[in-house]
Number of protein chains: 2
Amino acid sequence: MKTNLLLILLLASSLSGFSQEAKNLAQKLGFDRNAKLLIIHADDMGLSHGTNSAVMEAFQKGGISSGSIMVPCPWFPEIAEFAKNNPHFDIGIHTTLTSEWDKYFFGGVLPPASIPSLVNKNSYFYPSVEEFAKHAIADEVEKELRAQIDRAISFGVKPSHLDNHMGTVMSSPEYYQVLLKLGKEYRLPVLIPADMIAGISPQLLEMLSKNNIVVEHLFMINQASPAEKWGEPYLKFISEMKPGLNEIIVHLAYDNDETRAIMVNHPDFGSEWRQHDLDFVTSNELKKALKDNDIKLVTWRQIGEVQYPEK
Amino acid sequence: MKTNLLLILLLASSLSGFSQEAKNLAQKLGFDRNAKLLIIHADDMGLSHGTNSAVMEAFQKGGISSGSIMVPCPWFPEIAEFAKNNPHFDIGIHTTLTSEWDKYFFGGVLPPASIPSLVNKNSYFYPSVEEFAKHAIADEVEKELRAQIDRAISFGVKPSHLDNHMGTVMSSPEYYQVLLKLGKEYRLPVLIPADMIAGISPQLLEMLSKNNIVVEHLFMINQASPAEKWGEPYLKFISEMKPGLNEIIVHLAYDNDETRAIMVNHPDFGSEWRQHDLDFVTSNELKKALKDNDIKLVTWRQIGEVQYPEK
């Protein structure tokens with residue numbers, strides 16, 4: 001683990017340009033060298049109407065600086081229209097290869113016959129990363145993810161970045177290579193959570209090129225707090241935040257009939273959870289913490305302009 | 001029009017066996033020769049969670065005697081599971097070839113490349129019957145509808161009958177032939193609204209065989225009434241009902257965020273409309289009217305047992 005940490009630091013230093021001579025990412029974005037940069041990011045846009053409504057509210061209230069769309073989901077057209085009509089909001093593609101709910105499912109943008117290794121007998125994606133990794137062929141992953149990006153673009157979305165639902169592509173360097181390749185090809189920054197991938201496999205870290213900009217610290221909660229203390233883990237992360245690029249991932253939705261029906265049997269990342277996250281990101285508590293800790297909210301669009309200045 | 005009416009009467013008499021010597025449909029179902037038979041039918045199962053919840057409530061409260069599922073819709077798996085676990089409820093397939101809402105879409109069960117004449121550039125069905133009829137090739141209609149029935153069966157649904165969303169297949173004898181053919185092949189009764197198809201084209205009537213059982217009078221509202229008088233048109237139809245097979249089609253959903261988002265810009269058959277229909281079918285007002293007018297509620301499953309006794 002120590003080796004991995006060293007690798008991250010070296011990498012972060014090299015990839016983000018933490019050297020005396022060159023401007024680092026913060027400086028390239030117009031901040032001080034030691035600025036604490038933060039993306040507050042909503043996953044799962046397009047999943048449902050209750051998700052879309054919550055994310056739209058959070059964007060409009062300035063509670064998040066970024067979000068990403070699950071193209072294969074039923075409510076993708078609604079959120080694609082929102083993205084198209086609101087190009088000032090930072091919206092990317094949440095590349096999706098799993099369908100994890102009990103009564104609400106999605107399969108590929110491509111027909112099942114074109115991606116047999118990615119879908120079950122009902123033509124839906126597998127529910128878990130494990131089942132995905134047991135079956136998926138990298139060529140089909142690439143075809144499907146390319147189709148997801150292209151479909152979003154054909155609906156008028158101008159994606160700001162790529163990330164990945166449930167971290168499926170981190171389950172093997174072969175899959176991860178696909179995401180990096182697509183980022184390069186579409187000239188879009190890819191969320192690369194340096195600390196997380198180092199923990200999974202140093203091989204993933206070694207695949208990165210000098211051009212990749214990494215998120216040094218990615219934070220998301222994976223355990224519910226009591227409602228009245230919901231924000232505490234987030235506030236702790238913010239108060240301890242280091243200079244460099246950080247990202248907080250939140251999961252937003254209205255806690256209503258639709259969301260409860262989708263997330264039945266899933267207390268973690270479930271309906272109440274998502275309402276709490278929405279309440280937190282739109283709270284004054286968060287605004288105050290960002291101000292008190294001198295956090296600079298940034299977007300993937302800004303990162304993309306640094307990574308691909310010629311675009 | 002007079003010729004059409006004569007045709008219907010002759011047909012109804014011949015197809016339903018209104019002759020002195022043979023038992024008529026009512027008698028075959030164990031009722032008096034002149035019984036007024038009624039199917040109260042909920043369309044659009046599977047469309048959304050708000051639709052599914054409302055239809056489940058209506059079945060459980062005895063407010064409807066039948067319903068049918070739109071297989072290509074996002075919430076199909078939820079309602080398929082309900083149908084599988086509740087085989088005593090009368091559930092058929094609402095064959096679907098249109099996607100009529102503004103922000104919520106569905107395409108075929110088959111991949112777009114297999115049914116190019118049925119889908120638009122976004123791979124969704126066309127929104128109107130007119131656009132469907134302008135493009136659709138009968139062979140592709142047949143492939144797609146067969147795939148919808150097969151998918152329902154593969155999810156454990158035992159369909160009781162076939163009907164058709166928005167009457168797309170009535171737009172040409174060629175398409176109508178497909179539905180009749182599939183009914184015969186799967187040995188399932190098909191909703192044949194005799195009075196309606198006579199009004200569209202006598203050619204459709206002439207396609208029926210002696211084996212087809214027709215619905216002599218099909219009723220659905222196509223205009224909203226004030227909330228407090230919502231039931232009036234239904235009650236009028238019931239009080240004037242003639243002996244023979246009748247069907248009332250209702251459109252049920254909870255009037256909530258999800259339903260309002262799907263049905264935005266559609267006051268007709270919209271969110272409030274569907275809540276009113278749900279309130280009416282689960283009301284004592286309807287129960288009383290059925291009793292007062294000595295109406296016999298029947299199911300498509302019962303009709304199927306008469307039509308295909310050997311099944």
# chains A, B, ... in the order shown; residues from 1 in each chain; ligands from 1
>>> interface_residues(of="chain B", to="chain A", cutoff="9 Å", atoms="only C-alpha atoms", output="VMD selection string")
chain B and resid 48 to 50 73 to 78 81 102 to 106 110 to 113 122 151 154 to 155 256 to 258 261 to 262
>>> residues_around(residues="Ser271 of chain A", least_positions_apart="6", cutoff="7 Å", atoms="only C-alpha atoms", output="ChimeraX atom specification")
/A:253,255,259-260,263
>>> write_last_selection(atoms="N, CA and C atoms", output="CSV table (one decimal), in the first residue's frame")
chain,number,residue,atom,x,y,z
A,253,ALA,N,-32.1,12.2,-5.7
A,253,ALA,CA,-33.4,11.9,-6.3
A,253,ALA,C,-34.4,12.4,-5.3
A,255,ASP,N,-37.4,11.6,-2.9
A,255,ASP,CA,-37.9,10.4,-2.3
A,255,ASP,C,-39.4,10.4,-2.5
A,259,THR,N,-39.2,6.7,-7.0
A,259,THR,CA,-37.9,6.4,-6.6
A,259,THR,C,-37.9,5.2,-5.6
A,260,ARG,N,-38.9,5.2,-4.7
A,260,ARG,CA,-39.0,4.1,-3.8
A,260,ARG,C,-39.3,2.7,-4.5
A,263,MET,N,-36.0,1.6,-6.1
A,263,MET,CA,-34.9,1.3,-5.1
A,263,MET,C,-35.3,0.4,-4.0
>>> select_by_dssp(residues="segment 58-286 of chain A", states="alpha helix (DSSP H)", output="PyMOL selection string")
chain A and resi 58-60+76-85+129-135+138-154+173-186+194-200+202-206+232-239+257-262+271-281+284-286
>>> atom_distance(atom1="atom CA of Glu240 of chain A", atom2="atom CA of Asn293 of chain A")
8.8 Å
>>> residues_around(residues="Phe31 of chain B", least_positions_apart="3", cutoff="12 Å", atoms="only C-alpha atoms", output="PyMOL selection string")
chain B and resi 23-28+34-37+243-245+294-298
>>> select_by_dssp(residues="segment 45-238 of chain A", states="strand (DSSP E or B)", output="ChimeraX atom specification")
/A:45,66-69,91-95,119,125,162-164,190,193,215,217-219
>>> write_last_selection(atoms="all heavy atoms", output="short mmCIF file (atom, residue, chain, number, x, y, z; two decimals), in the first residue's frame")
data_model
loop_
_atom_site.label_atom_id
_atom_site.label_comp_id
_atom_site.auth_asym_id
_atom_site.auth_seq_id
_atom_site.Cartn_x
_atom_site.Cartn_y
_atom_site.Cartn_z
N MET A 45 -27.83 10.64 -13.69
CA MET A 45 -28.83 11.42 -14.42
C MET A 45 -29.45 10.55 -15.53
O MET A 45 -28.74 9.79 -16.19
CB MET A 45 -28.18 12.66 -15.04
CG MET A 45 -27.64 13.63 -14.01
SD MET A 45 -26.52 14.87 -14.72
CE MET A 45 -27.66 15.88 -15.67
N SER A 66 -21.33 19.64 -11.35
CA SER A 66 -21.22 18.72 -12.48
C SER A 66 -22.15 17.52 -12.28
O SER A 66 -22.60 17.25 -11.16
CB SER A 66 -19.77 18.24 -12.60
OG SER A 66 -19.58 17.44 -13.71
N GLY A 67 -22.40 16.81 -13.38
CA GLY A 67 -23.20 15.59 -13.30
C GLY A 67 -22.98 14.77 -14.55
O GLY A 67 -22.39 15.25 -15.51
N SER A 68 -23.47 13.52 -14.51
CA SER A 68 -23.30 12.71 -15.73
C SER A 68 -24.51 11.81 -15.95
O SER A 68 -25.20 11.40 -15.03
CB SER A 68 -21.99 11.93 -15.69
OG SER A 68 -21.93 11.11 -14.55
N ILE A 69 -24.72 11.52 -17.24
CA ILE A 69 -25.96 10.89 -17.74
C ILE A 69 -25.77 9.41 -18.04
O ILE A 69 -24.80 9.02 -18.70
CB ILE A 69 -26.41 11.58 -19.04
CG1 ILE A 69 -26.69 13.08 -18.81
CG2 ILE A 69 -27.62 10.90 -19.64
CD1 ILE A 69 -27.13 13.83 -20.07
N ILE A 91 -22.15 18.71 -17.91
CA ILE A 91 -22.80 17.39 -17.95
C ILE A 91 -22.01 16.44 -18.84
O ILE A 91 -21.72 16.74 -20.00
CB ILE A 91 -24.26 17.54 -18.44
CG1 ILE A 91 -25.05 18.38 -17.41
CG2 ILE A 91 -24.90 16.17 -18.64
CD1 ILE A 91 -26.47 18.72 -17.82
N GLY A 92 -21.66 15.30 -18.29
CA GLY A 92 -20.90 14.29 -19.02
C GLY A 92 -21.69 13.00 -19.17
O GLY A 92 -22.90 12.96 -18.95
N ILE A 93 -20.98 11.94 -19.55
CA ILE A 93 -21.62 10.63 -19.76
C ILE A 93 -21.19 9.68 -18.66
O ILE A 93 -19.99 9.44 -18.47
CB ILE A 93 -21.23 10.03 -21.14
CG1 ILE A 93 -21.46 11.05 -22.26
CG2 ILE A 93 -21.99 8.74 -21.39
CD1 ILE A 93 -22.88 11.50 -22.43
N HIS A 94 -22.17 9.13 -17.96
CA HIS A 94 -21.93 8.15 -16.90
C HIS A 94 -22.01 6.78 -17.58
O HIS A 94 -23.05 6.11 -17.54
CB HIS A 94 -23.04 8.32 -15.86
CG HIS A 94 -22.73 7.73 -14.51
ND1 HIS A 94 -21.56 7.95 -13.83
CD2 HIS A 94 -23.47 6.92 -13.70
CE1 HIS A 94 -21.59 7.32 -12.66
NE2 HIS A 94 -22.73 6.69 -12.57
N THR A 95 -20.92 6.37 -18.20
CA THR A 95 -20.96 5.13 -19.00
C THR A 95 -21.49 3.98 -18.13
O THR A 95 -21.04 3.78 -17.00
CB THR A 95 -19.56 4.80 -19.56
OG1 THR A 95 -18.66 4.61 -18.48
CG2 THR A 95 -19.06 5.92 -20.46
N VAL A 119 -25.01 -8.78 -21.52
CA VAL A 119 -26.42 -8.85 -21.10
C VAL A 119 -26.83 -10.25 -20.68
O VAL A 119 -26.25 -11.25 -21.14
CB VAL A 119 -27.36 -8.32 -22.22
CG1 VAL A 119 -27.12 -6.84 -22.47
CG2 VAL A 119 -27.22 -9.11 -23.50
N PHE A 125 -28.45 -5.52 -18.71
CA PHE A 125 -27.11 -5.63 -18.14
C PHE A 125 -27.16 -6.48 -16.87
O PHE A 125 -28.20 -6.58 -16.20
CB PHE A 125 -26.58 -4.24 -17.77
CG PHE A 125 -26.23 -3.36 -18.94
CD1 PHE A 125 -26.59 -2.01 -18.94
CD2 PHE A 125 -25.53 -3.85 -20.03
CE1 PHE A 125 -26.27 -1.17 -20.00
CE2 PHE A 125 -25.20 -3.01 -21.10
CZ PHE A 125 -25.57 -1.68 -21.08
N LEU A 162 -16.19 11.95 -19.22
CA LEU A 162 -16.66 10.56 -19.11
C LEU A 162 -16.39 10.05 -17.71
O LEU A 162 -15.32 10.28 -17.15
CB LEU A 162 -15.91 9.66 -20.10
CG LEU A 162 -15.97 10.01 -21.59
CD1 LEU A 162 -15.13 9.00 -22.39
CD2 LEU A 162 -17.41 10.04 -22.10
N ASP A 163 -17.38 9.37 -17.14
CA ASP A 163 -17.08 8.57 -15.95
C ASP A 163 -17.85 7.27 -16.07
O ASP A 163 -18.29 6.91 -17.17
CB ASP A 163 -17.30 9.34 -14.64
CG ASP A 163 -18.69 9.91 -14.50
OD1 ASP A 163 -19.61 9.41 -15.19
OD2 ASP A 163 -18.87 10.83 -13.69
N ASN A 164 -18.00 6.53 -15.00
CA ASN A 164 -18.43 5.14 -15.16
C ASN A 164 -19.27 4.69 -13.98
O ASN A 164 -18.88 4.85 -12.82
CB ASN A 164 -17.17 4.27 -15.33
CG ASN A 164 -17.44 2.79 -15.36
OD1 ASN A 164 -16.96 2.06 -14.50
ND2 ASN A 164 -18.23 2.33 -16.31
N VAL A 190 -11.46 12.12 -18.46
CA VAL A 190 -12.05 10.94 -17.84
C VAL A 190 -11.83 11.05 -16.34
O VAL A 190 -10.73 11.41 -15.91
CB VAL A 190 -11.39 9.66 -18.39
CG1 VAL A 190 -11.83 8.43 -17.62
CG2 VAL A 190 -11.67 9.50 -19.87
N PRO A 193 -9.92 8.36 -10.54
CA PRO A 193 -9.79 8.55 -9.09
C PRO A 193 -8.49 7.89 -8.62
O PRO A 193 -8.46 6.69 -8.34
CB PRO A 193 -11.02 7.83 -8.54
CG PRO A 193 -11.38 6.81 -9.58
CD PRO A 193 -10.78 7.22 -10.88
N VAL A 215 -8.03 12.85 -10.48
CA VAL A 215 -8.66 13.36 -9.26
C VAL A 215 -7.89 12.76 -8.09
O VAL A 215 -7.89 11.53 -7.92
CB VAL A 215 -10.16 12.97 -9.21
CG1 VAL A 215 -10.73 13.23 -7.83
CG2 VAL A 215 -10.94 13.74 -10.28
N HIS A 217 -8.25 13.04 -4.81
CA HIS A 217 -9.09 12.45 -3.76
C HIS A 217 -10.55 12.47 -4.18
O HIS A 217 -11.12 13.54 -4.41
CB HIS A 217 -8.90 13.19 -2.43
CG HIS A 217 -7.48 13.18 -1.99
ND1 HIS A 217 -6.87 12.05 -1.49
CD2 HIS A 217 -6.53 14.14 -2.00
CE1 HIS A 217 -5.61 12.33 -1.21
NE2 HIS A 217 -5.37 13.59 -1.51
N LEU A 218 -11.10 11.28 -4.29
CA LEU A 218 -12.51 11.14 -4.64
C LEU A 218 -13.24 10.74 -3.37
O LEU A 218 -12.82 9.81 -2.67
CB LEU A 218 -12.67 10.04 -5.69
CG LEU A 218 -14.10 9.79 -6.14
CD1 LEU A 218 -14.55 10.89 -7.10
CD2 LEU A 218 -14.22 8.43 -6.82
N PHE A 219 -14.34 11.42 -3.08
CA PHE A 219 -15.07 11.07 -1.87
C PHE A 219 -16.54 10.81 -2.17
O PHE A 219 -17.19 11.57 -2.87
CB PHE A 219 -14.99 12.21 -0.84
CG PHE A 219 -15.71 11.89 0.44
CD1 PHE A 219 -15.17 10.98 1.35
CD2 PHE A 219 -16.94 12.47 0.73
CE1 PHE A 219 -15.84 10.66 2.53
CE2 PHE A 219 -17.62 12.16 1.91
CZ PHE A 219 -17.06 11.26 2.81
#
>>> closest_residue(among="A:His41, A:Lys181, A:Lys158, A:Lys236", to="Arg146 of chain A", atoms="only C-alpha atoms")
A:Lys181
>>> atom_distance(atom1="atom CA of Leu191 of chain B", atom2="atom CA of Asn265 of chain B")
29.3 Å
>>> closest_residue(among="B:Phe89, B:Trp230, B:Phe237, B:Tyr308", to="Val281 of chain B", atoms="only C-alpha atoms")
B:Trp230
>>> atom_distance(atom1="atom CA of Gln275 of chain B", atom2="atom CA of Val55 of chain B")
10.7 Å
>>> closest_residue(among="B:Val71, B:Met170, B:Leu278, B:Ile238", to="Asp44 of chain B", atoms="only C-alpha atoms")
B:Val71
